[in-house]
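What follows is the content of structure03.txt, which has compact mmCIF, C-alpha atoms:
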# COMPACT_ATOMS: atom_id res chain seq x y z
CA MET A 27 39.53 -8.42 -4.69
CA LYS A 28 39.84 -9.75 -1.13
CA ASN A 29 37.21 -9.06 1.49
CA VAL A 30 39.12 -7.90 4.59
CA PHE A 31 36.69 -9.64 6.90
CA THR A 32 37.09 -13.16 5.57
CA PHE A 33 37.70 -16.23 7.73
CA ASN A 34 39.11 -19.53 6.46
CA GLU A 35 37.50 -22.17 8.67
CA THR A 36 39.92 -24.87 7.45
CA THR A 37 43.18 -23.03 8.19
CA GLN A 38 41.79 -20.63 10.84
CA GLU A 39 43.28 -17.71 8.88
CA GLU A 40 41.72 -14.23 8.89
CA VAL A 41 42.54 -11.65 6.22
CA CYS A 42 41.96 -8.81 8.69
CA LYS A 43 44.91 -9.99 10.81
CA LYS A 44 47.17 -8.47 8.13
CA PHE A 45 45.95 -5.10 9.36
CA LEU A 46 46.06 -5.89 13.08
CA LEU A 47 46.94 -2.92 15.30
CA ARG A 48 46.30 -4.40 18.73
CA GLU A 49 44.54 -7.28 20.48
CA GLY A 50 42.55 -7.54 23.69
CA GLU A 51 44.01 -8.87 26.92
CA LYS A 52 44.17 -12.65 27.16
CA THR A 53 42.55 -12.67 30.61
CA LEU A 54 39.52 -10.83 29.19
CA THR A 55 39.25 -13.39 26.39
CA GLU A 56 39.28 -16.21 28.95
CA ARG A 57 36.54 -14.46 30.94
CA GLY A 58 34.61 -14.04 27.71
CA GLU A 59 34.80 -17.77 26.97
CA GLU A 60 33.57 -18.50 30.50
CA MET A 61 30.72 -16.02 29.97
CA MET A 62 29.76 -17.71 26.69
CA GLU A 63 29.62 -21.08 28.42
CA ARG A 64 27.26 -19.65 31.04
CA GLN A 65 25.14 -18.17 28.24
CA ARG A 66 24.95 -21.57 26.53
CA ARG A 67 23.75 -23.17 29.78
CA LEU A 68 21.07 -20.51 30.15
CA GLU A 69 20.00 -20.94 26.52
CA LYS A 70 19.60 -24.65 27.19
CA LYS A 71 17.40 -23.85 30.17
CA ALA A 72 15.32 -21.46 28.05
CA THR A 73 14.62 -23.88 25.20
CA ILE A 74 12.46 -26.98 25.10
CA PRO A 75 14.19 -30.39 24.90
CA GLU A 76 15.16 -31.53 21.42
CA TRP A 77 12.79 -34.52 21.55
CA VAL A 78 9.87 -32.17 22.25
CA SER A 79 10.81 -30.11 19.17
CA TYR A 80 10.80 -33.27 17.05
CA LEU A 81 7.45 -34.28 18.56
CA GLN A 82 6.03 -30.86 17.65
CA MET A 83 7.25 -31.25 14.06
CA ILE A 84 5.65 -34.71 13.79
CA VAL A 85 2.37 -33.43 15.23
CA VAL A 86 2.29 -30.50 12.82
CA SER A 87 3.11 -32.71 9.81
CA CYS A 88 0.50 -35.37 10.65
CA SER A 89 -2.19 -32.81 11.50
CA SER A 90 -1.53 -30.96 8.23
CA VAL A 91 -1.91 -34.15 6.16
CA ILE A 92 -5.11 -35.10 8.00
CA LEU A 93 -6.55 -31.61 7.65
CA ILE A 94 -5.85 -31.51 3.90
CA LYS A 95 -7.56 -34.90 3.47
CA LEU A 96 -10.58 -33.70 5.43
CA LEU A 97 -10.86 -30.57 3.30
CA PHE A 98 -10.87 -32.65 0.12
CA ASP A 99 -13.51 -34.95 1.63
CA VAL A 100 -15.66 -31.98 2.64
CA PHE A 101 -15.37 -30.57 -0.89
CA GLU A 102 -16.58 -33.89 -2.34
CA LEU A 103 -19.36 -34.00 0.24
CA ILE A 104 -20.64 -30.57 -0.79
CA ARG A 105 -20.25 -31.36 -4.48
CA ASP A 106 -22.07 -34.70 -4.33
CA GLY A 107 -24.64 -33.67 -1.71
CA LYS A 108 -23.85 -36.57 0.64
CA ASP A 109 -25.12 -36.99 4.19
CA TRP A 110 -23.16 -34.84 6.69
CA LEU A 111 -24.04 -37.03 9.69
CA ALA A 112 -22.78 -40.14 7.93
CA PHE A 113 -19.57 -38.32 7.00
CA LEU A 114 -18.96 -37.18 10.60
CA GLY A 115 -19.64 -40.66 11.92
CA ALA A 116 -17.25 -42.25 9.48
CA ASN A 117 -14.48 -39.73 10.21
CA LYS A 118 -14.96 -39.38 13.97
CA ALA A 119 -11.54 -40.83 14.81
CA VAL A 120 -9.79 -38.73 12.18
CA LEU A 121 -11.46 -35.52 13.42
CA LEU A 122 -10.56 -36.36 17.02
CA LEU A 123 -6.93 -37.01 16.02
CA CYS A 124 -6.76 -33.69 14.18
CA ILE A 125 -8.19 -31.78 17.15
CA CYS A 126 -5.72 -33.50 19.52
CA GLY A 127 -2.88 -32.53 17.18
CA ILE A 128 -3.91 -28.87 17.17
CA ILE A 129 -4.27 -28.82 20.96
CA SER A 130 -0.85 -30.49 21.36
CA PHE A 131 0.79 -27.95 19.06
CA ILE A 132 -0.74 -25.03 20.99
CA GLY A 133 0.31 -26.62 24.29
CA ILE A 134 3.91 -27.18 23.22
CA THR A 135 4.15 -23.63 21.79
CA PHE A 136 2.81 -22.15 25.05
CA TYR A 137 5.23 -24.31 27.06
CA ALA A 138 8.18 -23.13 24.95
CA LYS A 139 7.25 -19.44 25.26
CA ASN A 140 6.66 -19.73 29.01
CA LYS A 141 10.01 -21.51 29.49
CA MET A 142 11.82 -18.75 27.57
CA LYS A 143 10.01 -15.99 29.49
CA THR A 144 10.84 -17.56 32.87
CA VAL A 145 14.56 -17.64 32.10
CA MET A 146 14.61 -14.14 30.54
CA GLU A 147 13.00 -12.69 33.69
CA SER A 148 15.19 -14.64 36.11
CA GLU A 149 17.73 -12.97 38.40
CA GLU A 150 20.45 -15.22 36.92
CA PHE A 151 19.79 -13.90 33.40
CA GLN A 152 19.72 -10.26 34.48
CA LEU A 153 23.00 -10.68 36.40
CA LEU A 154 24.66 -12.38 33.40
CA LYS A 155 23.43 -9.63 31.09
CA LYS A 156 24.93 -6.94 33.36
CA GLN A 157 28.24 -8.82 33.66
CA ASP A 158 28.35 -9.27 29.88
CA GLU A 159 27.86 -5.53 29.32
CA ASP A 160 30.58 -4.70 31.86
CA LEU A 161 32.99 -7.19 30.27
CA TYR A 162 32.32 -5.80 26.80
CA ALA A 163 33.10 -2.29 28.07
CA GLU A 164 36.38 -3.60 29.54
CA TRP A 165 37.23 -5.27 26.24
CA LEU A 166 36.69 -2.05 24.28
CA GLU A 167 38.83 -0.14 26.76
CA SER A 168 41.60 -2.74 26.54
CA VAL A 169 41.85 -2.33 22.74
CA LYS A 170 41.51 1.48 23.05
CA VAL A 171 38.24 1.94 21.19
CA PRO A 172 37.05 5.52 21.76
CA ALA A 173 33.61 6.15 23.23
CA ASP A 174 32.51 8.12 20.17
CA ALA A 175 33.32 5.33 17.67
CA VAL A 176 30.51 4.59 15.20
CA VAL A 177 29.02 1.12 15.59
CA MET A 178 28.67 -0.14 12.03
CA ASP A 179 27.55 -3.44 10.50
CA VAL A 180 30.09 -5.11 8.21
CA PHE A 181 29.67 -8.16 5.98
CA SER A 182 32.05 -10.99 6.84
CA GLU A 183 32.60 -14.16 4.79
CA VAL A 184 33.34 -17.63 6.17
CA TYR A 185 34.59 -20.38 3.88
CA LYS A 186 36.32 -23.74 4.06
CA LEU A 187 38.49 -25.75 1.69
CA ASN A 188 37.28 -29.02 0.18
CA LYS A 189 39.54 -31.99 -0.60
CA LYS A 190 40.60 -30.34 -3.87
CA GLY A 191 41.59 -27.16 -2.05
CA GLU A 192 38.66 -25.20 -3.52
CA GLU A 193 36.90 -22.54 -1.49
CA LYS A 194 33.35 -23.40 -0.41
CA SER A 195 31.02 -21.37 1.78
CA ALA A 196 30.97 -22.64 5.37
CA VAL A 197 27.51 -21.22 6.07
CA PRO A 198 24.46 -22.88 4.46
CA PHE A 199 21.63 -20.33 4.51
CA TYR A 200 23.21 -16.95 3.76
CA LYS A 201 26.23 -15.42 2.05
CA TYR A 202 27.51 -13.03 4.72
CA LEU A 203 27.75 -12.85 8.48
CA ASN A 204 26.54 -9.41 9.53
CA LEU A 205 28.88 -8.34 12.36
CA PRO A 206 29.04 -5.03 14.25
CA TYR A 207 32.35 -3.16 14.47
CA HIS A 208 33.31 0.07 16.22
CA VAL A 209 34.66 2.25 13.41
CA PHE A 210 36.80 5.36 14.02
CA ARG A 211 39.75 7.33 12.67
CA GLU A 212 43.06 7.22 14.49
CA GLU A 213 45.75 9.51 13.04
CA ASP A 214 46.21 8.32 9.42
CA THR A 215 44.24 5.09 9.86
CA LEU A 216 40.61 4.01 9.57
CA CYS A 217 40.05 1.54 12.39
CA PHE A 218 37.60 -1.33 12.81
CA GLY A 219 37.44 -2.68 16.35
CA ASN A 220 35.53 -5.29 18.31
CA TYR A 221 36.07 -6.93 21.69
CA GLU A 222 39.02 -8.98 20.40
CA MET A 223 41.09 -6.59 18.30
CA VAL A 224 41.45 -3.39 16.30
CA CYS A 225 42.42 -3.48 12.62
CA GLY A 226 43.67 -0.39 10.81
CA ILE A 227 43.28 0.54 7.14
CA PRO A 228 45.69 3.24 5.84
CA LEU A 229 43.68 6.31 4.82
CA ASN A 230 46.06 7.09 1.97
CA GLY A 231 45.18 3.74 0.39
CA LEU A 232 41.43 4.39 0.20
CA LYS A 233 40.16 4.47 -3.39
CA ARG A 234 36.38 4.47 -3.69
CA ILE A 235 33.00 3.31 -2.43
CA VAL A 236 31.32 1.09 -5.00
CA LYS A 237 27.62 0.25 -5.23
CA CYS A 238 26.98 -3.49 -5.66
CA ASP A 239 23.62 -3.41 -7.40
CA GLU A 240 22.46 -6.95 -6.63
CA LYS A 241 20.53 -8.74 -3.93
CA THR A 242 22.55 -10.47 -1.24
CA SER A 243 21.76 -12.41 1.93
CA PHE A 244 23.09 -12.04 5.46
CA SER A 245 22.60 -13.32 8.99
CA ILE A 246 21.71 -11.47 12.18
CA TRP A 247 20.01 -8.14 12.68
CA ASN A 248 22.07 -6.02 15.10
CA LYS A 249 20.15 -2.76 15.35
CA GLU A 250 17.69 -1.92 18.13
CA GLU A 251 15.00 -0.94 15.63
CA GLY A 252 13.57 -3.74 13.50
CA HIS A 253 14.68 -4.23 9.89
CA ASP A 254 11.26 -2.97 8.74
CA GLU A 255 10.91 -0.12 11.23
CA GLY A 256 11.95 3.54 11.41
CA LYS A 257 14.77 4.62 9.13
CA TYR A 258 15.49 1.01 8.09
CA LYS A 259 12.08 0.57 6.46
CA ALA A 260 13.26 2.52 3.38
CA TYR A 261 15.84 -0.17 2.53
CA LYS A 262 13.14 -2.83 1.97
CA ILE A 263 15.08 -5.51 3.81
CA SER A 264 13.23 -8.83 3.84
CA VAL A 265 13.64 -11.93 5.98
CA ASN A 266 12.57 -15.54 5.39
CA LYS A 267 11.39 -18.19 7.83
CA LEU A 268 14.96 -19.38 8.43
CA GLY A 269 15.97 -15.92 9.68
CA THR A 270 18.00 -15.04 6.58
CA TYR A 271 17.89 -11.35 5.62
CA TYR A 272 17.96 -10.04 2.05
CA VAL A 273 18.91 -6.57 0.82
CA LYS A 274 19.68 -4.76 -2.44
CA PRO A 275 22.03 -3.03 -3.04
CA TYR A 276 25.04 -3.22 -0.74
CA TYR A 277 28.37 -1.35 -0.89
CA ALA A 278 32.12 -1.95 -0.97
CA LEU A 279 34.84 0.32 0.42
CA GLN A 280 37.83 -0.42 -1.81
CA PHE A 281 41.48 0.30 -1.02
CA THR A 282 45.04 -0.81 -1.71
CA ALA A 283 47.69 -1.85 0.77
CA GLU A 284 51.19 -3.14 0.05
CA GLY A 285 50.38 -3.47 -3.64
CA GLU A 286 47.22 -5.58 -3.13
CA GLU A 287 43.56 -4.64 -3.55
CA TYR A 288 41.04 -5.16 -0.76
CA GLN A 289 37.46 -4.28 0.04
CA ILE A 290 35.18 -3.96 3.04
CA LEU A 291 31.55 -4.83 2.36
CA PHE A 292 28.66 -3.27 4.25
CA PRO A 293 24.84 -2.95 4.05
CA PRO A 294 23.18 0.15 2.52
CA TYR A 295 22.01 1.60 5.84
CA GLU A 296 25.67 2.18 6.82
CA LEU A 297 26.50 4.21 3.69
CA ASP A 298 26.14 7.66 5.30
CA SER A 299 28.42 6.69 8.19
CA MET A 300 31.05 5.28 5.84
CA ARG A 301 30.98 8.38 3.63
CA ALA A 302 31.40 10.62 6.69
CA LEU A 303 34.35 8.60 8.00
CA THR A 304 36.20 8.28 4.67
CA GLY A 305 35.19 11.44 2.79
CA LEU A 306 34.50 9.29 -0.27
CA GLU A 307 31.47 9.32 -2.55
CA VAL A 308 29.82 6.39 -4.29
CA GLU A 309 31.07 5.43 -7.75
CA GLU A 310 28.90 3.47 -10.18
CA VAL A 311 30.63 0.53 -11.91
Representation of the structure as C-alpha cells:
Amino acid sequence: MKNVFTFNETTQEEVCKKFLLREGEKTLTERGEEMMERQRRLEKKATIPEWVSYLQMIVVSCSSVILIKLLFDVFELIRDGKDWLAFLGANKAVLLLCICGIISFIGITFYAKNKMKTVMESEEFQLLKKQDEDLYAEWLESVKVPADAVVMDVFSEVYKLNKKGEEKSAVPFYKYLNLPYHVFREEDTLCFGNYEMVCGIPLNGLKRIVKCDEKTSFSIWNKEEGHDEGKYKAYKISVNKLGTYYVKPYYALQFTAEGEEYQILFPPYELDSMRALTGLEVEEV
C-alpha cells in the first residue's frame, strides 16, 4: 500500500502529486528560496566554525581516555595503599592536561551558546522571522488554505534507487520525516495543504483508520509543547542523542483512488483530529 507522502529522491517524483488540487504562486516560491538562503547565512553566523567543532570532539575524546586511565590508577592506588604524593608527582602532567581539556570544553561550549544567543536576539533575526511568518501566511492564502484548518503532523518517506533499481531509505537516522500539514474538508475532498500545494483525497474513497502497533522513528518535533510535556507526555515519545524520536503505536488512514490503495501515516497524538475530520474509527488488524 503506497504512502501518499512519499518522495523518490532519485527521480524527484512525489506520490501526493497524483492528488494535486492547486499549487502556490511561482513568485512566492522564489521569495521562499531567497528567504531560505538568508536563513542559511544566519545559521552559519549562529554556529561555531567546523574546525572548532572537530577540536571540541578531539578534546572530549582525549580527556575521556585520560580520565578513565586516572580512575583506574586511583583504584589501584587505594587497593595497594601506595603513596598519594608520589602518585600526584608522577602524574602531574597528565592531571594538568586533563584539567586543560575540561576547561577548553567548557570554554568552547560557552562560546557556542553565546554565539547562538547573540544571533537569535539580533535585529536581523527578528526581522527575518517576521518576514518568514508573513510569507508563510501569503503562501497559505495563495493555495486557499482556510484559517480554521487543523495543523496536523504527517509521516513522510524519502527513498532513493540504487544501481539495481531497488528502493533504499534516503535518510540515515530515522524512518519518517515528520511534516506539518494544514488539513481541512473542501466539498467532497479531504485536503492536505502546505506552503507549496494542496492535495485532495476523495472522501468517498476513505476506508478505515488502522493502528500500527509497532515502534517507529521520526525526525523533527513540530509542536510548541515538548514531546514529554502536557498532553503529549501520555504518548511516551522518546528521543535519542541524535535527535531521532520514537513512538508506539502510530496510525494509517487508508483509502482507495482510481482502483489503487493508498495510506496516510500519522503519529498517535493526531488520532483525535483525524477521526473528527474523517468520521472514521480505528480498526485493529
Hey, what's within 12 Å of A:Ser168 if we count all atoms listed in the file and toss same-chain stuff fewer than 5 positions away? As a list in words, please?
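Once the nearby chain positions are removed, what remains is Arg48, Glu49, Gly50, Glu51, Lys52, Thr53, Leu54, Thr55, Leu161, Tyr162, Ala163, Gly219, Asn220, Tyr221, Glu222, Met223 and Val224 of chain A.
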Gap from atom CA of A:Phe31 to atom CA of A:Ser182 - Å, one decimal
4.8 Å
Spatial neighbours of A:Val91, 12 Å, all atoms listed in the file, chain gap at least 4 places, as a ChimeraX atom specification:
/A:84-87,95-98,120,123-124,127
Tell me which protein, DNA and RNA residues are within 10 Å of stretch 191-208 of chain A, counting only C-alpha atoms, leaving out same-chain ones fewer than 4 positions away, and put them as a ChimeraX atom specification.
/A:31-36,166,171-187,217-221,224,242-249,268-272,291-293
Using only the atoms of stretch 208-216 of chain A listed in the file, plus 6 Å on each side, state the axis-aligned box centre and edge lengths in Å rounded to one decimal, as lines of an AutoDock Vina configuration file.
center_x = 39.8
center_y = 4.8
center_z = 12.8
size_x = 24.9
size_y = 21.4
size_z = 18.8
Can you list, as a PyMOL selection string, every protein, DNA or RNA residue that comes within 7 Å of stretch 27-30 of chain A when you count only C-alpha atoms, leaving out same-chain residues fewer than 2 positions away?
chain A and resi 32+41-42+287-290
